[in-house]
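Heads up, the thing below is written out as structure tokens.
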Amino acid sequence: MQTTARLYTLNFDEVKTYLWAAVFVACNLALPRLFHLIPEGGIIFSPLTLVILAGSYKFGWRVGLIAALASPLVNHLVTGMPATGVLPVMTLKLAVLALIAGLTAQHFKKCTLLLLIGVVLATKLVGGLGELAITGGIEVTIQDFTVGWPGLLMAVIGSYLICKYL
């Protein structure tokens, strides 16, 4: 499936960059609260991934990177989650996702399910290596696939629909 969706590459000197990043940070404040109503919902669905993937793919890596760096910190300051020990790894993984998604969209100039799956898999590989370097353990990265596969699926399909219809 492919869409002829309009994809943007916003720059740091554009007000739209910061406005869209703020929208995605706000979404990343609201969405996790909904998913945490489900037992283990944050681990299973990883809602920040959907927002960062869709935002980075649609509006470029700069918007995604700002949102990826700000979202975990703002969430932590407002809600106490993610926990302090998880903050660096989560921020790294979201930043990697923002860069890979935005650069993929910029390069291919189209949105397909296959490209989005590739972005998620590449992100999990690079982010997992980063997590291994930071924590020395790979358990949580493996858990992203064993427990978190519904969230990965939701991120791919949701991002496709957002890119196509937003």
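Residue numbers start at 1 in each chain; chains themselves are named A, B, ... in the order of the structure tokens; ligands are numbered from 1 in the order shown.
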Pull the closest atom pair for each residue of segment 1-93 of chain A that gets at most 12 Å from segment 109-124 of chain A, along with the distance in Å to one decimal, counting only C-alpha atoms, ordering rows by chain and then ascending residue number, as CSV.
```
residue,atom,partner,partner_atom,distance
A:Met1,CA,A:Thr112,CA,5.7
A:Gln2,CA,A:Thr112,CA,4.5
A:Thr3,CA,A:Cys111,CA,5.7
A:Thr4,CA,A:Lys110,CA,6.4
A:Ala5,CA,A:Cys111,CA,6.9
A:Arg6,CA,A:Lys110,CA,8.1
A:Leu7,CA,A:Lys109,CA,6.9
A:Tyr8,CA,A:Lys109,CA,9.0
A:Thr9,CA,A:Lys109,CA,10.1
A:Thr49,CA,A:Val120,CA,9.1
A:Leu50,CA,A:Val120,CA,10.2
A:Ile52,CA,A:Val120,CA,11.2
A:Leu53,CA,A:Val120,CA,8.3
A:Ala54,CA,A:Leu116,CA,9.4
A:Ser56,CA,A:Val119,CA,11.0
A:Tyr57,CA,A:Cys111,CA,8.1
A:Lys58,CA,A:Cys111,CA,8.8
A:Phe59,CA,A:Lys109,CA,11.6
A:Gly60,CA,A:Lys109,CA,10.9
A:Met90,CA,A:Lys124,CA,11.7
A:Leu92,CA,A:Thr123,CA,10.3
A:Lys93,CA,A:Thr123,CA,7.3
```
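Taking only C-alpha atoms into account, Met154 of chain A lies nearest to A:Ser46 out of the set A:Ser71, A:Thr79, A:Thr91, A:Ser46.
Distances here use only C-alpha atoms; by that measure, the residue among A:Gly85, A:Ile142, A:Val63, A:Ile44 closest to Val15 of chain A is A:Val63.
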So which one's closest to Arg33 of chain A, A:Val126, A:Val86, A:Val140, A:Met81? Using only C-alpha atoms, please.
A:Met81
With DSSP run on the backbone, what are the strand (DSSP E) residues within chain A? I'd like them as a list in words.
Gln2, Thr3, Cys111 and Thr112 of chain A
Nearest-residue call for Gly64 of chain A, choices A:Val23, A:Leu37, A:Ala83, A:Leu77, using only C-alpha atoms:
A:Val23
Would you work out the distance separating atom CA of Val25 of chain A from atom CA of Asp13 of chain A, expressed in Å to one decimal?
18.9 Å
Per DSSP on the backbone, filter segment 14-129 of chain A down to the residues in helix (DSSP H, G or I) and report them as a ChimeraX atom specification.
/A:15-35,41-45,47-59,61-79,87-108,113-129
Could you name the residues that touch Ile66 of chain A at 9 Å or less, counting only C-alpha atoms, but leaving out those on the same chain fewer than 3 positions away, as an NGL selection string?
:A and (17-18 or 21-22 or 25 or 61-63 or 69-71 or 95 or 98)
Keeping only N, CA, C and O atoms, take the residues you just selected and write them out as a compact mmCIF listing (two decimals), in the first residue's frame.
```
# COMPACT_ATOMS: atom_id res chain seq x y z
N THR A 17 7.92 24.42 12.54
CA THR A 17 8.71 23.33 13.13
C THR A 17 8.40 23.21 14.61
O THR A 17 8.12 22.13 15.13
N TYR A 18 8.45 24.32 15.30
CA TYR A 18 8.26 24.33 16.75
C TYR A 18 6.79 24.15 17.13
O TYR A 18 6.49 23.54 18.16
N ALA A 21 6.16 20.44 16.64
CA ALA A 21 6.84 19.72 17.71
C ALA A 21 6.05 19.86 19.02
O ALA A 21 5.88 18.88 19.75
N ALA A 22 5.53 21.04 19.29
CA ALA A 22 4.73 21.26 20.50
C ALA A 22 3.44 20.43 20.46
O ALA A 22 3.02 19.88 21.49
N VAL A 25 4.49 16.91 21.31
CA VAL A 25 4.79 16.77 22.74
C VAL A 25 3.49 16.72 23.54
O VAL A 25 3.35 15.90 24.45
N TRP A 61 12.69 15.19 10.08
CA TRP A 61 13.47 14.74 11.22
C TRP A 61 13.66 15.83 12.27
O TRP A 61 13.79 15.54 13.45
N ARG A 62 13.67 17.09 11.85
CA ARG A 62 13.88 18.17 12.83
C ARG A 62 12.70 18.27 13.80
O ARG A 62 12.89 18.37 15.01
N VAL A 63 11.49 18.26 13.26
CA VAL A 63 10.29 18.27 14.10
C VAL A 63 10.30 17.05 15.01
O VAL A 63 10.07 17.16 16.22
N LEU A 69 13.18 14.56 21.85
CA LEU A 69 14.01 14.98 22.98
C LEU A 69 13.16 15.58 24.10
O LEU A 69 13.46 15.40 25.28
N ALA A 70 12.11 16.29 23.73
CA ALA A 70 11.29 16.99 24.73
C ALA A 70 10.25 16.08 25.38
O ALA A 70 9.97 16.22 26.58
N SER A 71 9.65 15.18 24.62
CA SER A 71 8.52 14.39 25.14
C SER A 71 8.83 13.60 26.41
O SER A 71 8.07 13.70 27.38
N ALA A 95 14.88 9.53 19.75
CA ALA A 95 15.70 10.38 18.87
C ALA A 95 16.15 9.59 17.63
O ALA A 95 16.12 10.10 16.51
N ALA A 98 13.18 9.29 15.36
CA ALA A 98 12.91 10.55 14.66
C ALA A 98 13.87 10.74 13.48
O ALA A 98 13.45 11.12 12.38
```
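In this comparison, which uses only C-alpha atoms, the residue of A:Thr84, A:Gly42, A:Leu31, A:Leu10 approaching Leu65 of chain A most closely is A:Leu10.
Ranking A:Gly41, A:Ser159, A:Leu19, A:Ala133 by their shortest atom-to-atom distance to Ala105 of chain A, with only C-alpha atoms included, puts A:Ser159 first.
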